[in-house]
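Student: Just upload14.pdb, nothing more (PDB, C-alpha atoms and all ligand atoms):
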ATOM      1  CA  MET A   1      -6.833  20.789  37.580
ATOM      2  CA  PRO A   2     -10.229  21.895  36.333
ATOM      3  CA  VAL A   3     -11.511  20.297  33.177
ATOM      4  CA  THR A   4     -13.187  21.910  30.193
ATOM      5  CA  LEU A   5     -15.789  19.932  28.292
ATOM      6  CA  GLU A   6     -17.274  20.788  24.968
ATOM      7  CA  ASN A   7     -20.550  19.555  23.580
ATOM      8  CA  ARG A   8     -19.824  18.581  19.992
ATOM      9  CA  ILE A   9     -23.379  18.129  18.834
ATOM     10  CA  ARG A  10     -26.227  20.511  18.189
ATOM     11  CA  GLN A  11     -28.275  18.942  20.901
ATOM     12  CA  MET A  12     -28.509  19.469  24.578
ATOM     13  CA  GLN A  13     -26.973  16.690  26.647
ATOM     14  CA  VAL A  14     -27.733  15.908  30.252
ATOM     15  CA  PHE A  15     -25.519  13.791  32.447
ATOM     16  CA  ASN A  16     -26.212  12.354  35.846
ATOM     17  CA  LEU A  17     -23.179  12.869  38.000
ATOM     18  CA  GLU A  18     -23.149   9.576  39.799
ATOM     19  CA  HIS A  19     -22.051   9.915  43.376
ATOM     20  CA  ASP A  20     -19.502   7.093  43.355
ATOM     21  CA  ALA A  21     -17.658   8.514  40.399
ATOM     22  CA  TYR A  22     -18.174  12.220  40.713
ATOM     23  CA  CYS A  23     -18.057  12.877  44.432
ATOM     24  CA  ALA A  24     -15.306  10.389  45.205
ATOM     25  CA  SER A  25     -12.342  12.721  45.305
ATOM     26  CA  SER A  26     -14.073  15.893  46.390
ATOM     27  CA  GLU A  27     -17.014  17.152  48.354
ATOM     28  CA  CYS A  28     -20.340  15.535  47.681
ATOM     29  CA  ALA A  29     -22.359  17.378  45.068
ATOM     30  CA  CYS A  30     -25.526  15.375  45.517
ATOM     31  CA  SER A  31     -28.610  16.892  46.982
ATOM     32  CA  ASP A  32     -30.780  15.432  49.670
ATOM     33  CA  ILE A  33     -34.337  14.753  48.797
ATOM     34  CA  THR A  34     -36.888  13.833  51.395
ATOM     35  CA  ALA A  35     -39.493  11.330  50.467
ATOM     36  CA  THR A  36     -42.400  10.275  52.586
ATOM     37  CA  VAL A  37     -43.260   6.630  52.687
ATOM     38  CA  VAL A  38     -46.210   5.142  54.465
ATOM     39  CA  GLU A  39     -45.314   2.126  56.464
ATOM     40  CA  GLN A  40     -47.700  -0.379  57.837
ATOM     41  CA  ASN A  41     -46.913  -2.120  61.046
ATOM     42  CA  PRO A  42     -47.346  -5.826  60.278
ATOM     43  CA  ARG A  43     -48.535  -6.610  63.786
ATOM     44  CA  THR A  44     -50.969  -3.799  64.502
ATOM     45  CA  GLY A  45     -51.902  -2.871  60.935
ATOM     46  CA  GLU A  46     -51.266   0.727  61.880
ATOM     47  CA  ARG A  47     -50.069   3.025  59.137
ATOM     48  CA  ALA A  48     -47.583   5.747  59.825
ATOM     49  CA  PRO A  49     -45.759   8.061  57.494
ATOM     50  CA  ARG A  50     -42.010   8.007  57.660
ATOM     51  CA  HIS A  51     -39.568  10.446  56.140
ATOM     52  CA  VAL A  52     -36.613   9.025  54.324
ATOM     53  CA  THR A  53     -33.746  11.047  53.035
ATOM     54  CA  LYS A  54     -32.259   9.981  49.760
ATOM     55  CA  LYS A  55     -29.299  11.255  47.864
ATOM     56  CA  ALA A  56     -30.063  12.551  44.408
ATOM     57  CA  PRO A  57     -27.031  12.830  42.187
ATOM     58  CA  ALA A  58     -26.258  16.199  40.721
ATOM     59  CA  SER A  59     -26.630  16.604  37.007
ATOM     60  CA  MET A  60     -24.912  18.607  34.355
ATOM     61  CA  THR A  61     -26.541  20.030  31.282
ATOM     62  CA  LEU A  62     -24.487  20.970  28.280
ATOM     63  CA  LEU A  63     -26.354  23.112  25.814
ATOM     64  CA  ALA A  64     -25.855  22.588  22.092
ATOM     65  CA  LEU A  65     -22.193  23.178  21.284
ATOM     66  CA  GLU A  66     -21.601  24.632  24.706
ATOM     67  CA  ARG A  67     -18.132  24.747  26.161
ATOM     68  CA  ARG A  68     -18.071  24.465  29.935
ATOM     69  CA  GLU A  69     -14.989  25.385  31.898
ATOM     70  CA  GLY A  70     -13.896  24.789  35.447
ATOM     71  CA  LEU A  71     -15.377  21.350  35.894
ATOM     72  CA  ARG A  72     -14.058  18.917  38.439
ATOM     73  CA  GLU A  73     -11.480  16.510  37.189
ATOM     74  CA  SER A  74     -13.663  13.634  38.350
ATOM     75  CA  ILE A  75     -16.266  14.598  35.743
ATOM     76  CA  VAL A  76     -14.464  12.455  33.176
ATOM     77  CA  SER A  77     -14.797   9.358  35.353
ATOM     78  CA  VAL A  78     -18.571   9.663  35.487
ATOM     79  CA  PRO A  79     -19.815   6.721  33.367
ATOM     80  CA  GLU A  80     -22.298   8.755  31.308
ATOM     81  CA  VAL A  81     -19.760  11.441  30.566
ATOM     82  CA  ARG A  82     -17.077   8.919  29.707
ATOM     83  CA  ALA A  83     -19.431   7.126  27.336
ATOM     84  CA  ALA A  84     -20.241  10.415  25.614
ATOM     85  CA  ILE A  85     -16.538  11.177  25.239
ATOM     86  CA  GLU A  86     -15.928   7.735  23.743
ATOM     87  CA  ARG A  87     -18.744   8.233  21.274
ATOM     88  CA  GLY A  88     -17.400  11.620  20.281
ATOM     89  CA  LEU A  89     -20.403  13.521  21.594
ATOM     90  CA  VAL A  90     -18.336  15.392  24.110
ATOM     91  CA  ARG A  91     -14.753  16.518  23.846
ATOM     92  CA  VAL A  92     -12.322  17.181  26.655
ATOM     93  CA  VAL A  93     -10.648  20.444  25.756
ATOM     94  CA  GLU A  94      -6.931  20.153  26.273
ATOM     95  CA  GLN A  95      -5.509  22.307  28.974
ATOM     96  CA  THR A  96      -1.770  22.450  28.961
ATOM     97  CA  PRO A  97      -0.473  22.917  32.458
ATOM     98  CA  PRO A  98       2.598  25.088  32.961
ATOM     99  CA  LEU A  99       5.766  23.026  32.576
ATOM    100  CA  ALA A 100       6.694  23.234  36.246
ATOM    101  CA  ALA A 101       3.379  21.749  37.262
ATOM    102  CA  ARG A 102       3.754  18.661  35.126
ATOM    103  CA  ARG A 103       4.274  15.503  37.007
ATOM    104  CA  PRO A 104       6.681  12.908  35.702
ATOM    105  CA  VAL A 105       4.986   9.997  34.021
ATOM    106  CA  ARG A 106       5.180   6.891  36.102
ATOM    107  CA  THR A 107       5.067   3.456  34.664
ATOM    108  CA  GLY A 108       3.702   0.709  36.809
ATOM    109  CA  LYS A 109       4.646  -0.046  40.349
ATOM    110  CA  GLU A 110       7.842   1.130  41.895
ATOM    111  CA  GLU A 111       9.008  -1.506  44.267
TER     112      GLU A 111
HETATM  113 ZN    ZN A 201     -22.451  12.663  46.204
END
So that I can check it, write out the structure of this file as structure tokens.
Tutor:
Amino acid sequence: MPVTLENRIRQMQVFNLEHDAYCASSECACSDITATVVEQNPRTGERAPRHVTKKAPASMTLLALERREGLRESIVSVPEVRAAIERGLVRVVEQTPPLAARRPVRTGKEE
């Protein structure tokens, strides 16, 4: 179910959507960035450029008091977002699912 987040302060907030938390349950939202590093061969002293691909996490910007709908559910498990929610900087807007779609609440392990 998509999540709606609301920025509760009159300041823009930017969150890094850490791959481990944000991409875990869905497709990867990170972007590839190519960096060029120069490597020196320890034996010959020769220098050669090498391209390395790194993953850059996606980011989300919430403008002052902005309400953003349709976010992935995993957004609330991103550490930076969770911290902002705990500090009251961001609010998760309640979305009441239709009754039929509600799953029964499970308590602990069923063995
Ligand atoms: Zn990712």
Student: Applied to the shown file, which residues does the PyMOL selection byres (((not hetatm)) within 8 of (chain A and resi 201)) return, written as an MDAnalysis selection string?
Tutor: chainID A and resid 18:20 22:24 27:31 55:58
Student: Return the single residue from A:Arg50, A:Thr4, A:Ser25, A:Ile9 that is closest to Ser74 of chain A, with distances computed using all atoms listed in the file.
Tutor: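 The shortest atom-to-atom distance to Ser74 of chain A comes from A:Ser25.
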Student: Measuring atom to atom with all atoms listed in the file, identify which of A:Val93, A:Leu65, A:Met60, A:Val76 is nearest to Asn16 of chain A.
Tutor: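 Result for the nearest residue to Asn16 of chain A: A:Met60.
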Student: Going by the chain IDs and residue numbers used in this file, which residues fall under the PyMOL selection byres (((chain A and resi 80) around 8) and not hetatm)? Write them as a PyMOL selection string.
Tutor: chain A and resi 15-17+78-79+81-84
Student: Atom CA of Arg87 of chain A and atom CA of Arg10 of chain A, how far apart in Å?
Tutor: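 Going from atom CA of Arg10 of chain A over to atom CA of Arg87 of chain A covers 14.7 Å.
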Student: Between A:Glu94, A:Asp32, A:Glu86, A:Glu66, single out the one closest to His51 of chain A, counting only C-alpha atoms.
Tutor: A:Asp32
Student: Calculate how many Å separate atom CA of Val14 of chain A from atom CA of Val52 of chain A, rounding to one decimal.
Tutor: 26.6 Å
Student: Could you check how far atom CA of Leu62 of chain A sits from atom CA of Met1 of chain A, in Å to one decimal?
Tutor: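 For atom CA of Leu62 of chain A relative to atom CA of Met1 of chain A, the distance reads 20.0 Å.
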Student: What residues have an atom no more than 10 Å from (-9.4, 27.5, 37.9) in the file's own frame, counting all atoms listed in the file, and can you write them as an mmCIF file with C-alpha atoms, keeping the file's coordinate frame?
Tutor:
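Saved file out-v1.cif follows:
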data_model
loop_
_atom_site.group_PDB
_atom_site.id
_atom_site.type_symbol
_atom_site.label_atom_id
_atom_site.label_comp_id
_atom_site.auth_asym_id
_atom_site.auth_seq_id
_atom_site.Cartn_x
_atom_site.Cartn_y
_atom_site.Cartn_z
ATOM 1 C CA MET A 1 -6.833 20.789 37.580
ATOM 2 C CA PRO A 2 -10.229 21.895 36.333
ATOM 3 C CA VAL A 3 -11.511 20.297 33.177
ATOM 4 C CA GLU A 69 -14.989 25.385 31.898
ATOM 5 C CA GLY A 70 -13.896 24.789 35.447
ATOM 6 C CA LEU A 71 -15.377 21.350 35.894
ATOM 7 C CA ARG A 72 -14.058 18.917 38.439
#
Student: For Arg67 of chain A, find every residue with an atom within 10 Å (counting all atoms listed in the file), except residues of its own chain fewer than 3 positions away, and show them as a list in words.
Tutor: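 My list of contacting residues is Thr4, Leu5, Glu6, Asn7, Arg8, Leu62, Leu63, Ala64, Val90, Arg91, Val92 and Val93 of chain A.
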Student: Would you mind telling me which residue in A:Arg68, A:Thr53, A:Gly88, A:Glu46 lies nearest to Thr34 of chain A when using only C-alpha atoms?
Tutor: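 Comparing A:Arg68, A:Thr53, A:Gly88, A:Glu46 against Thr34 of chain A, the winner is A:Thr53.
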